[in-house]
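Trainee: File work.txt follows (compact mmCIF, N, CA and C atoms):
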# COMPACT_ATOMS: atom_id res chain seq x y z
N MET A 122 156.86 2.51 -100.07
CA MET A 122 156.04 3.26 -99.15
C MET A 122 156.19 4.75 -99.45
N ASP A 123 155.07 5.42 -99.71
CA ASP A 123 155.04 6.85 -99.98
C ASP A 123 155.07 7.60 -98.64
N ILE A 124 156.12 8.39 -98.41
CA ILE A 124 156.31 9.06 -97.13
C ILE A 124 156.46 10.56 -97.34
N HIS A 125 155.76 11.33 -96.51
CA HIS A 125 155.90 12.79 -96.50
C HIS A 125 156.56 13.19 -95.19
N ILE A 126 157.57 14.06 -95.27
CA ILE A 126 158.27 14.54 -94.09
C ILE A 126 158.24 16.05 -94.11
N GLY A 127 157.79 16.65 -93.01
CA GLY A 127 157.76 18.10 -92.92
C GLY A 127 157.61 18.56 -91.48
N ILE A 128 157.66 19.86 -91.30
CA ILE A 128 157.49 20.44 -89.96
C ILE A 128 156.04 20.28 -89.55
N ALA A 129 155.84 19.75 -88.36
CA ALA A 129 154.49 19.49 -87.85
C ALA A 129 153.76 20.80 -87.58
N GLN A 130 152.46 20.75 -87.78
CA GLN A 130 151.56 21.87 -87.55
C GLN A 130 150.53 21.46 -86.50
N PRO A 131 149.79 22.44 -85.94
CA PRO A 131 148.78 22.10 -84.93
C PRO A 131 147.79 21.01 -85.36
N GLN A 132 147.45 20.93 -86.64
CA GLN A 132 146.51 19.90 -87.09
C GLN A 132 147.09 18.49 -87.00
N HIS A 133 148.39 18.37 -86.72
CA HIS A 133 149.04 17.07 -86.57
C HIS A 133 149.08 16.59 -85.13
N LEU A 134 148.43 17.32 -84.23
CA LEU A 134 148.51 17.03 -82.80
C LEU A 134 148.19 15.58 -82.47
N SER A 135 147.09 15.04 -83.00
CA SER A 135 146.69 13.69 -82.61
C SER A 135 147.72 12.64 -83.07
N GLU A 136 148.24 12.78 -84.27
CA GLU A 136 149.26 11.83 -84.75
C GLU A 136 150.55 11.96 -83.96
N LEU A 137 150.96 13.20 -83.69
CA LEU A 137 152.17 13.41 -82.90
C LEU A 137 152.02 12.85 -81.49
N ALA A 138 150.86 13.09 -80.88
CA ALA A 138 150.63 12.59 -79.53
C ALA A 138 150.68 11.07 -79.49
N ARG A 139 150.07 10.44 -80.48
CA ARG A 139 150.09 8.98 -80.54
C ARG A 139 151.54 8.47 -80.65
N LEU A 140 152.31 9.08 -81.55
CA LEU A 140 153.70 8.68 -81.73
C LEU A 140 154.54 8.95 -80.48
N PHE A 141 154.31 10.12 -79.87
CA PHE A 141 155.08 10.48 -78.69
C PHE A 141 154.78 9.53 -77.52
N ASN A 142 153.53 9.13 -77.41
CA ASN A 142 153.17 8.16 -76.38
C ASN A 142 153.86 6.82 -76.64
N GLU A 143 153.88 6.37 -77.89
CA GLU A 143 154.59 5.13 -78.24
C GLU A 143 156.07 5.25 -77.90
N TYR A 144 156.63 6.40 -78.20
CA TYR A 144 158.05 6.67 -77.91
C TYR A 144 158.32 6.54 -76.42
N ARG A 145 157.46 7.13 -75.61
CA ARG A 145 157.60 7.03 -74.16
C ARG A 145 157.47 5.58 -73.69
N LEU A 146 156.53 4.85 -74.25
CA LEU A 146 156.36 3.44 -73.91
C LEU A 146 157.61 2.63 -74.27
N PHE A 147 158.21 2.97 -75.41
CA PHE A 147 159.45 2.32 -75.84
C PHE A 147 160.52 2.46 -74.77
N TYR A 148 160.54 3.62 -74.09
CA TYR A 148 161.50 3.86 -73.01
C TYR A 148 160.95 3.46 -71.65
N GLN A 149 159.92 2.64 -71.67
CA GLN A 149 159.32 2.04 -70.47
C GLN A 149 158.79 3.08 -69.48
N LEU A 150 158.23 4.16 -70.03
CA LEU A 150 157.57 5.17 -69.22
C LEU A 150 156.07 4.90 -69.25
N ASN A 151 155.33 5.55 -68.37
CA ASN A 151 153.89 5.31 -68.27
C ASN A 151 153.12 5.77 -69.49
N ASP A 152 152.07 5.02 -69.81
CA ASP A 152 151.11 5.40 -70.84
C ASP A 152 150.25 6.52 -70.26
N ASP A 153 150.40 7.73 -70.79
CA ASP A 153 149.69 8.89 -70.23
C ASP A 153 149.30 9.84 -71.35
N MET A 154 148.30 9.42 -72.15
CA MET A 154 147.89 10.23 -73.29
C MET A 154 147.45 11.65 -72.91
N PRO A 155 146.69 11.87 -71.84
CA PRO A 155 146.32 13.26 -71.53
C PRO A 155 147.54 14.17 -71.32
N ALA A 156 148.54 13.69 -70.59
CA ALA A 156 149.75 14.48 -70.37
C ALA A 156 150.54 14.66 -71.67
N VAL A 157 150.58 13.61 -72.49
CA VAL A 157 151.29 13.68 -73.77
C VAL A 157 150.63 14.72 -74.68
N VAL A 158 149.31 14.68 -74.78
CA VAL A 158 148.60 15.65 -75.62
C VAL A 158 148.91 17.07 -75.15
N THR A 159 148.86 17.30 -73.84
CA THR A 159 149.16 18.63 -73.30
C THR A 159 150.58 19.05 -73.64
N PHE A 160 151.53 18.15 -73.45
CA PHE A 160 152.94 18.46 -73.71
C PHE A 160 153.16 18.81 -75.19
N ILE A 161 152.66 17.97 -76.08
CA ILE A 161 152.87 18.21 -77.52
C ILE A 161 152.12 19.46 -77.96
N GLU A 162 150.92 19.66 -77.46
CA GLU A 162 150.16 20.86 -77.82
C GLU A 162 150.91 22.12 -77.39
N GLN A 163 151.51 22.10 -76.22
CA GLN A 163 152.30 23.24 -75.76
C GLN A 163 153.48 23.51 -76.68
N ARG A 164 154.15 22.46 -77.13
CA ARG A 164 155.28 22.65 -78.04
C ARG A 164 154.80 23.31 -79.34
N LEU A 165 153.67 22.84 -79.86
CA LEU A 165 153.15 23.38 -81.12
C LEU A 165 152.69 24.82 -80.97
N VAL A 166 152.02 25.13 -79.87
CA VAL A 166 151.51 26.48 -79.65
C VAL A 166 152.66 27.45 -79.35
N ARG A 167 153.53 27.07 -78.44
CA ARG A 167 154.63 27.94 -78.04
C ARG A 167 155.74 28.03 -79.09
N GLN A 168 155.79 27.05 -79.96
CA GLN A 168 156.83 26.94 -80.98
C GLN A 168 158.23 27.00 -80.36
N ASP A 169 158.38 26.33 -79.20
CA ASP A 169 159.67 26.30 -78.53
C ASP A 169 160.50 25.07 -78.89
N SER A 170 159.96 24.25 -79.77
CA SER A 170 160.74 23.15 -80.34
C SER A 170 160.37 23.05 -81.81
N VAL A 171 161.17 22.31 -82.54
CA VAL A 171 160.85 22.00 -83.94
C VAL A 171 160.47 20.53 -83.96
N LEU A 172 159.25 20.25 -84.38
CA LEU A 172 158.77 18.88 -84.51
C LEU A 172 158.68 18.54 -85.99
N ILE A 173 159.39 17.52 -86.39
CA ILE A 173 159.39 17.06 -87.78
C ILE A 173 158.64 15.74 -87.80
N LEU A 174 157.62 15.67 -88.64
CA LEU A 174 156.74 14.51 -88.67
C LEU A 174 156.83 13.79 -90.02
N ALA A 175 156.89 12.47 -89.97
CA ALA A 175 156.83 11.63 -91.17
C ALA A 175 155.47 10.94 -91.18
N THR A 176 154.77 11.05 -92.29
CA THR A 176 153.47 10.41 -92.45
C THR A 176 153.43 9.62 -93.75
N ASP A 177 152.52 8.64 -93.79
CA ASP A 177 152.31 7.90 -95.03
C ASP A 177 151.26 8.63 -95.88
N SER A 178 150.90 8.05 -96.99
CA SER A 178 149.96 8.71 -97.92
C SER A 178 148.58 8.91 -97.32
N ALA A 179 148.23 8.16 -96.28
CA ALA A 179 146.93 8.31 -95.62
C ALA A 179 147.00 9.27 -94.43
N GLY A 180 148.16 9.87 -94.18
CA GLY A 180 148.31 10.79 -93.06
C GLY A 180 148.65 10.12 -91.74
N GLN A 181 148.89 8.82 -91.77
CA GLN A 181 149.25 8.08 -90.56
C GLN A 181 150.69 8.40 -90.17
N GLY A 182 150.91 8.78 -88.91
CA GLY A 182 152.26 9.09 -88.44
C GLY A 182 153.16 7.88 -88.41
N LEU A 183 154.37 8.05 -88.93
CA LEU A 183 155.35 6.96 -88.98
C LEU A 183 156.56 7.22 -88.09
N GLY A 184 156.80 8.49 -87.78
CA GLY A 184 157.95 8.82 -86.95
C GLY A 184 158.07 10.32 -86.81
N PHE A 185 158.97 10.72 -85.91
CA PHE A 185 159.19 12.15 -85.70
C PHE A 185 160.58 12.41 -85.13
N VAL A 186 160.99 13.65 -85.26
CA VAL A 186 162.17 14.19 -84.60
C VAL A 186 161.71 15.44 -83.87
N GLN A 187 162.23 15.64 -82.67
CA GLN A 187 161.98 16.89 -81.95
C GLN A 187 163.31 17.49 -81.54
N MET A 188 163.49 18.77 -81.87
CA MET A 188 164.73 19.45 -81.49
C MET A 188 164.41 20.82 -80.91
N TYR A 189 165.30 21.24 -80.00
CA TYR A 189 165.13 22.47 -79.24
C TYR A 189 166.32 23.40 -79.46
N PRO A 190 166.07 24.70 -79.56
CA PRO A 190 167.20 25.64 -79.61
C PRO A 190 167.81 25.79 -78.21
N GLN A 191 169.11 25.93 -78.16
CA GLN A 191 169.84 26.13 -76.92
C GLN A 191 170.89 27.22 -77.12
N LEU A 192 171.42 27.74 -76.02
CA LEU A 192 172.48 28.74 -76.08
C LEU A 192 173.78 28.14 -75.58
N SER A 193 174.88 28.56 -76.19
CA SER A 193 176.21 28.21 -75.71
C SER A 193 176.89 29.49 -75.26
N SER A 194 177.21 29.56 -73.97
CA SER A 194 177.89 30.74 -73.44
C SER A 194 179.29 30.88 -74.04
N LEU A 195 180.02 29.78 -74.11
CA LEU A 195 181.39 29.86 -74.61
C LEU A 195 181.45 30.21 -76.09
N ASP A 196 180.55 29.64 -76.88
CA ASP A 196 180.51 29.97 -78.31
C ASP A 196 179.77 31.28 -78.57
N MET A 197 179.02 31.74 -77.55
CA MET A 197 178.18 32.94 -77.68
C MET A 197 177.30 32.83 -78.92
N ASP A 198 176.65 31.66 -79.02
CA ASP A 198 175.83 31.37 -80.19
C ASP A 198 174.75 30.37 -79.81
N GLU A 199 173.79 30.22 -80.69
CA GLU A 199 172.74 29.23 -80.50
C GLU A 199 173.09 27.95 -81.25
N PHE A 200 172.58 26.84 -80.73
CA PHE A 200 172.70 25.58 -81.43
C PHE A 200 171.40 24.81 -81.19
N MET A 201 171.22 23.70 -81.89
CA MET A 201 170.02 22.89 -81.73
C MET A 201 170.39 21.56 -81.08
N VAL A 202 169.48 21.11 -80.21
CA VAL A 202 169.63 19.80 -79.57
C VAL A 202 168.52 18.91 -80.09
N ILE A 203 168.90 17.80 -80.70
CA ILE A 203 167.92 16.80 -81.10
C ILE A 203 167.63 15.98 -79.85
N ASN A 204 166.43 16.13 -79.35
CA ASN A 204 166.07 15.48 -78.10
C ASN A 204 165.38 14.14 -78.33
N ASP A 205 164.63 14.03 -79.42
CA ASP A 205 163.83 12.83 -79.66
C ASP A 205 163.89 12.43 -81.13
N LEU A 206 164.06 11.14 -81.35
CA LEU A 206 163.91 10.53 -82.68
C LEU A 206 163.16 9.23 -82.46
N TYR A 207 162.06 9.07 -83.18
CA TYR A 207 161.28 7.84 -83.03
C TYR A 207 160.69 7.45 -84.39
N VAL A 208 160.77 6.17 -84.68
CA VAL A 208 160.15 5.58 -85.87
C VAL A 208 159.33 4.39 -85.41
N THR A 209 158.09 4.30 -85.86
CA THR A 209 157.22 3.19 -85.46
C THR A 209 157.82 1.85 -85.89
N GLN A 210 157.45 0.81 -85.19
CA GLN A 210 157.99 -0.52 -85.46
C GLN A 210 157.79 -0.93 -86.92
N HIS A 211 156.60 -0.68 -87.48
CA HIS A 211 156.33 -1.12 -88.85
C HIS A 211 156.99 -0.25 -89.91
N ALA A 212 157.59 0.88 -89.51
CA ALA A 212 158.26 1.75 -90.49
C ALA A 212 159.77 1.69 -90.36
N ARG A 213 160.27 0.81 -89.52
CA ARG A 213 161.72 0.70 -89.35
C ARG A 213 162.33 -0.10 -90.49
N CYS A 214 163.62 0.05 -90.65
CA CYS A 214 164.41 -0.69 -91.65
C CYS A 214 164.12 -0.26 -93.08
N VAL A 215 163.53 0.93 -93.27
CA VAL A 215 163.34 1.46 -94.64
C VAL A 215 164.05 2.80 -94.79
N GLY A 216 164.92 3.14 -93.84
CA GLY A 216 165.69 4.38 -93.91
C GLY A 216 164.95 5.61 -93.42
N LEU A 217 163.84 5.43 -92.73
CA LEU A 217 163.07 6.58 -92.27
C LEU A 217 163.80 7.38 -91.20
N GLY A 218 164.48 6.71 -90.28
CA GLY A 218 165.25 7.43 -89.27
C GLY A 218 166.29 8.33 -89.92
N ARG A 219 166.97 7.82 -90.93
CA ARG A 219 167.96 8.61 -91.67
C ARG A 219 167.30 9.81 -92.34
N ARG A 220 166.16 9.57 -92.97
CA ARG A 220 165.46 10.68 -93.67
C ARG A 220 165.01 11.75 -92.68
N LEU A 221 164.51 11.33 -91.52
CA LEU A 221 164.11 12.31 -90.50
C LEU A 221 165.33 13.11 -90.01
N MET A 222 166.44 12.43 -89.78
CA MET A 222 167.64 13.12 -89.33
C MET A 222 168.18 14.06 -90.40
N GLU A 223 168.14 13.64 -91.65
CA GLU A 223 168.58 14.51 -92.74
C GLU A 223 167.72 15.77 -92.82
N GLN A 224 166.42 15.61 -92.58
CA GLN A 224 165.53 16.77 -92.57
C GLN A 224 165.86 17.69 -91.39
N ALA A 225 166.15 17.12 -90.23
CA ALA A 225 166.53 17.91 -89.07
C ALA A 225 167.81 18.71 -89.35
N ILE A 226 168.79 18.06 -89.96
CA ILE A 226 170.04 18.72 -90.32
C ILE A 226 169.77 19.86 -91.29
N ALA A 227 168.95 19.61 -92.30
CA ALA A 227 168.64 20.63 -93.30
C ALA A 227 167.94 21.84 -92.66
N ILE A 228 167.00 21.59 -91.77
CA ILE A 228 166.28 22.68 -91.10
C ILE A 228 167.23 23.48 -90.23
N ALA A 229 168.10 22.81 -89.48
CA ALA A 229 169.06 23.52 -88.64
C ALA A 229 169.98 24.40 -89.48
N LYS A 230 170.47 23.88 -90.60
CA LYS A 230 171.32 24.67 -91.50
C LYS A 230 170.54 25.85 -92.06
N GLN A 231 169.33 25.59 -92.52
CA GLN A 231 168.47 26.62 -93.09
C GLN A 231 168.24 27.77 -92.10
N ARG A 232 168.13 27.45 -90.84
CA ARG A 232 167.87 28.45 -89.80
C ARG A 232 169.15 29.09 -89.25
N GLY A 233 170.28 28.70 -89.81
CA GLY A 233 171.54 29.35 -89.46
C GLY A 233 172.27 28.80 -88.24
N TYR A 234 171.85 27.65 -87.74
CA TYR A 234 172.55 27.06 -86.61
C TYR A 234 173.86 26.45 -87.08
N GLN A 235 174.88 26.61 -86.25
CA GLN A 235 176.21 26.10 -86.60
C GLN A 235 176.49 24.71 -86.05
N ARG A 236 175.57 24.23 -85.18
CA ARG A 236 175.85 22.95 -84.53
C ARG A 236 174.54 22.26 -84.15
N LEU A 237 174.54 20.95 -84.27
CA LEU A 237 173.48 20.08 -83.77
C LEU A 237 174.09 19.16 -82.74
N SER A 238 173.37 18.95 -81.66
CA SER A 238 173.86 18.09 -80.59
C SER A 238 172.79 17.05 -80.28
N LEU A 239 173.21 15.90 -79.80
CA LEU A 239 172.25 14.86 -79.39
C LEU A 239 172.95 13.91 -78.45
N GLU A 240 172.14 13.12 -77.78
CA GLU A 240 172.69 12.04 -76.95
C GLU A 240 171.82 10.82 -77.14
N THR A 241 172.41 9.67 -76.88
CA THR A 241 171.69 8.41 -76.97
C THR A 241 172.23 7.45 -75.92
N GLU A 242 171.47 6.44 -75.64
CA GLU A 242 171.92 5.44 -74.67
C GLU A 242 173.19 4.76 -75.16
N SER A 243 174.05 4.41 -74.22
CA SER A 243 175.32 3.79 -74.59
C SER A 243 175.13 2.43 -75.25
N VAL A 244 173.99 1.78 -75.01
CA VAL A 244 173.73 0.46 -75.60
C VAL A 244 173.01 0.55 -76.95
N ASN A 245 172.61 1.74 -77.36
CA ASN A 245 171.86 1.91 -78.61
C ASN A 245 172.83 2.04 -79.78
N THR A 246 173.45 0.94 -80.13
CA THR A 246 174.49 0.95 -81.17
C THR A 246 173.91 1.22 -82.56
N LYS A 247 172.67 0.84 -82.79
CA LYS A 247 172.05 1.10 -84.09
C LYS A 247 171.91 2.61 -84.31
N ALA A 248 171.43 3.32 -83.30
CA ALA A 248 171.31 4.78 -83.41
C ALA A 248 172.70 5.41 -83.53
N GLN A 249 173.65 4.93 -82.75
CA GLN A 249 175.00 5.48 -82.81
C GLN A 249 175.57 5.35 -84.22
N SER A 250 175.34 4.21 -84.84
CA SER A 250 175.81 3.98 -86.20
C SER A 250 175.16 4.97 -87.18
N LEU A 251 173.86 5.19 -87.03
CA LEU A 251 173.16 6.16 -87.88
C LEU A 251 173.77 7.54 -87.70
N TYR A 252 173.89 7.98 -86.46
CA TYR A 252 174.39 9.33 -86.19
C TYR A 252 175.80 9.51 -86.74
N GLU A 253 176.65 8.53 -86.51
CA GLU A 253 178.03 8.62 -87.00
C GLU A 253 178.09 8.63 -88.52
N SER A 254 177.19 7.89 -89.17
CA SER A 254 177.17 7.87 -90.64
C SER A 254 176.72 9.22 -91.22
N LEU A 255 176.03 10.02 -90.39
CA LEU A 255 175.59 11.35 -90.82
C LEU A 255 176.60 12.44 -90.45
N GLY A 256 177.73 12.05 -89.84
CA GLY A 256 178.77 13.01 -89.53
C GLY A 256 178.84 13.42 -88.07
N PHE A 257 177.94 12.95 -87.23
CA PHE A 257 178.01 13.25 -85.79
C PHE A 257 179.23 12.53 -85.21
N ARG A 258 179.90 13.19 -84.29
CA ARG A 258 181.05 12.59 -83.63
C ARG A 258 180.81 12.53 -82.13
N ARG A 259 181.16 11.41 -81.53
CA ARG A 259 181.01 11.23 -80.10
C ARG A 259 181.98 12.15 -79.37
N ASP A 260 181.48 12.85 -78.37
CA ASP A 260 182.29 13.77 -77.58
C ASP A 260 183.06 12.97 -76.53
N SER A 261 184.35 13.03 -76.59
CA SER A 261 185.16 12.34 -75.59
C SER A 261 185.82 13.35 -74.64
N HIS A 262 185.50 14.63 -74.82
CA HIS A 262 186.11 15.69 -74.03
C HIS A 262 185.30 16.05 -72.79
N TYR A 263 183.99 15.97 -72.91
CA TYR A 263 183.11 16.36 -71.81
C TYR A 263 182.33 15.16 -71.29
N TYR A 264 182.03 15.17 -70.02
CA TYR A 264 181.15 14.19 -69.40
C TYR A 264 179.82 14.86 -69.11
N GLN A 265 178.78 14.10 -69.15
CA GLN A 265 177.45 14.61 -68.83
C GLN A 265 177.13 14.26 -67.38
N TYR A 266 176.63 15.23 -66.64
CA TYR A 266 176.20 15.02 -65.26
C TYR A 266 174.76 15.45 -65.13
N GLN A 267 174.04 14.85 -64.19
CA GLN A 267 172.66 15.22 -63.91
C GLN A 267 172.46 15.25 -62.41
N LEU A 268 171.62 16.18 -61.97
CA LEU A 268 171.17 16.22 -60.60
C LEU A 268 169.65 16.13 -60.64
N LEU A 269 169.13 15.05 -60.11
CA LEU A 269 167.68 14.86 -60.10
C LEU A 269 167.10 15.55 -58.87
N MET A 270 166.17 16.44 -59.09
CA MET A 270 165.54 17.18 -58.01
C MET A 270 164.40 16.36 -57.43
N GLU A 271 164.42 16.15 -56.15
CA GLU A 271 163.39 15.32 -55.51
C GLU A 271 162.49 16.17 -54.66
Give the structure from this file in C-alpha cells form.
Mentor:
Amino acid sequence: MDIHIGIAQPQHLSELARLFNEYRLFYQLNDDMPAVVTFIEQRLVRQDSVLILATDSAGQGLGFVQMYPQLSSLDMDEFMVINDLYVTQHARCVGLGRRLMEQAIAIAKQRGYQRLSLETESVNTKAQSLYESLGFRRDSHYYQYQLLME
C-alpha cells in the first residue's frame, strides 16, 4: 500500500472530517458531521493544533494524529500533547499507527519540543504496546483528575 504522511492543509478538510467523525464513532460518540467539519476547519485555520494525515495514492484518508502545544509551569517550557490517533479499519495492521506516531515525534523534535505527552484508555493494551515500543513511559507519579462542568 502506497501511503503519504504529512501535515494536513486546508484542502484536506473533507478527508480529515470524515476520519475525525469515524474516530468519534469509534468512541461511541454521536455522528455529527456539521460539528466535526467546523471543529476541524477551526484547527486548520487557527493552526492551534498539528494535524498529521495519512493518505493512499488516491488521496483517500487512512488515519491521522492530532497534537496540541501546551505549557508546563514547573518546567517553564512548552510540550506537545498527542490528543488523537486514529487509523481506519481497513488500514490497520500494516504499521500505519506506528508511522503516524513516528511522524508526530519527528515534528515535535523538529519544532524544539522537549516532551510529548499522551493518554489512552486503560483497556487499550494495543495502543499502550505501541506507545511503549516508541519509548513512551507510563507515568506512575501523577494521577489524572477531571471536573466535568454541568
Trainee: Among region 182-238 of chain A, which ones does DSSP assign to strand (DSSP E) (computed from the backbone)? Answer as an NGL selection string.
Mentor: :A and (182-193 or 198-208 or 237-238)
Trainee: Return as a PyMOL selection string the full set of residues in region 189-266 of chain A whose backbone-based DSSP assignment is alpha helix (DSSP H).
Mentor: chain A and resi 217-231+246-254
Trainee: Between region 169-219 of chain A and region 124-127 of chain A, at 8 Å or less, what are the per-residue closest atom pairs and their distances in Å? Count only C-alpha atoms, order by chain and rising residue number, and return it as CSV.
Mentor:
residue,atom,partner,partner_atom,distance
A:Ile173,CA,A:Gly127,CA,5.5
A:Leu174,CA,A:Ile126,CA,5.6
A:Ala175,CA,A:Ile126,CA,4.4
A:Thr176,CA,A:His125,CA,5.3
A:Asp177,CA,A:Ile124,CA,4.7
A:Ser178,CA,A:Ile124,CA,6.4
Trainee: Could you name the residues that touch region 221-228 of chain A at 8 Å or less, counting all atoms listed in the file, but leaving out those on the same chain fewer than 4 positions away, as a ChimeraX atom specification?
Mentor: /A:126-127,173-175,184-186,188,206,216-217,232-234,237,255
Trainee: Quick one, how far is atom N of Ser250 (chain A) from CA of Leu137 (chain A)?
Mentor: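 Separating atom N of Ser250 (chain A) from CA of Leu137 (chain A) is a distance of 25.0 Å.
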Trainee: Rounded to one decimal, what separation in Å do you get between CA of Gln231 (chain A) and CA of Pro190 (chain A)?
Mentor: 13.6 Å
Trainee: How big is the axis-aligned box around all listed atoms of region 131-146 of chain A once 4 Å goes on each side, and where's its centre, in Å to one decimal, as JSON?
Mentor:
{"center_x": 152.4, "center_y": 12.5, "center_z": -80.4, "size_x": 19.8, "size_y": 27.8, "size_z": 21.4}
Trainee: What does the distance from CA of Arg220 (chain A) to CA of Tyr207 (chain A) come to in Å, to one decimal?
Mentor: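 CA of Tyr207 (chain A) lies 11.8 Å from CA of Arg220 (chain A).
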Trainee: Between A:Ala179, A:Leu146, A:Ala229, A:Val215, which one has atoms that come closest to Phe200 (chain A), using all atoms listed in the file?
Mentor: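 Closest to Phe200 (chain A) of all the choices is A:Ala229.
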Trainee: From the set A:Ser254, A:Gly180, A:Gln191, A:Tyr144, which residue has the shortest atom-to-atom contact distance to Val208 (chain A), counting only N, CA and C atoms?
Mentor: A:Tyr144
Trainee: Of the residues A:Gln130, A:Asp152, A:Arg145, A:Met201, which is the one nearest to Val166 (chain A), using only N, CA and C atoms?
Mentor: A:Gln130
Trainee: Output file request: region 188-195 of chain A, with all heavy atoms, as a short mmCIF file (atom, residue, chain, number, x, y, z; two decimals), in the first residue's frame.
Mentor:
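What landed in part-v5.cif:
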data_model
loop_
_atom_site.label_atom_id
_atom_site.label_comp_id
_atom_site.auth_asym_id
_atom_site.auth_seq_id
_atom_site.Cartn_x
_atom_site.Cartn_y
_atom_site.Cartn_z
N MET A 188 -2.10 16.80 17.56
CA MET A 188 -1.41 17.16 18.78
C MET A 188 -1.47 18.67 18.99
O MET A 188 -1.56 19.43 18.04
CB MET A 188 0.02 16.63 18.80
CG MET A 188 0.88 16.98 17.64
SD MET A 188 2.45 16.06 17.77
CE MET A 188 3.31 16.74 16.36
N TYR A 189 -1.45 19.04 20.27
CA TYR A 189 -1.61 20.43 20.69
C TYR A 189 -0.41 20.87 21.52
O TYR A 189 0.06 20.12 22.38
CB TYR A 189 -2.85 20.58 21.57
CG TYR A 189 -4.16 20.30 20.89
CD1 TYR A 189 -4.68 19.01 20.82
CD2 TYR A 189 -4.88 21.34 20.31
CE1 TYR A 189 -5.90 18.76 20.20
CE2 TYR A 189 -6.10 21.10 19.69
CZ TYR A 189 -6.60 19.81 19.65
OH TYR A 189 -7.80 19.57 19.03
N PRO A 190 0.04 22.11 21.33
CA PRO A 190 1.09 22.63 22.22
C PRO A 190 0.49 22.98 23.58
O PRO A 190 -0.66 23.42 23.67
CB PRO A 190 1.58 23.89 21.50
CG PRO A 190 0.47 24.28 20.58
CD PRO A 190 -0.30 23.04 20.25
N GLN A 191 1.24 22.75 24.63
CA GLN A 191 0.84 23.05 25.99
C GLN A 191 2.01 23.69 26.73
O GLN A 191 3.16 23.58 26.29
CB GLN A 191 0.44 21.77 26.73
CG GLN A 191 -0.73 21.04 26.14
CD GLN A 191 -2.03 21.79 26.37
OE1 GLN A 191 -2.34 22.17 27.48
NE2 GLN A 191 -2.78 21.98 25.31
N LEU A 192 1.72 24.32 27.86
CA LEU A 192 2.77 24.91 28.70
C LEU A 192 2.91 24.12 29.98
O LEU A 192 1.92 23.64 30.54
CB LEU A 192 2.40 26.36 29.04
CG LEU A 192 2.38 27.33 27.89
CD1 LEU A 192 1.81 28.67 28.35
CD2 LEU A 192 3.76 27.51 27.30
N SER A 193 4.14 24.02 30.46
CA SER A 193 4.41 23.44 31.78
C SER A 193 4.98 24.54 32.66
O SER A 193 6.05 25.09 32.37
CB SER A 193 5.42 22.30 31.67
OG SER A 193 5.85 21.92 32.96
N SER A 194 4.26 24.87 33.72
CA SER A 194 4.73 25.90 34.65
C SER A 194 6.01 25.46 35.35
O SER A 194 6.94 26.24 35.50
CB SER A 194 3.65 26.20 35.69
OG SER A 194 2.49 26.68 35.07
N LEU A 195 6.04 24.21 35.81
CA LEU A 195 7.21 23.75 36.55
C LEU A 195 8.45 23.66 35.67
O LEU A 195 9.55 24.02 36.09
CB LEU A 195 6.92 22.40 37.22
CG LEU A 195 5.84 22.43 38.30
CD1 LEU A 195 5.60 21.03 38.84
CD2 LEU A 195 6.21 23.40 39.41
#
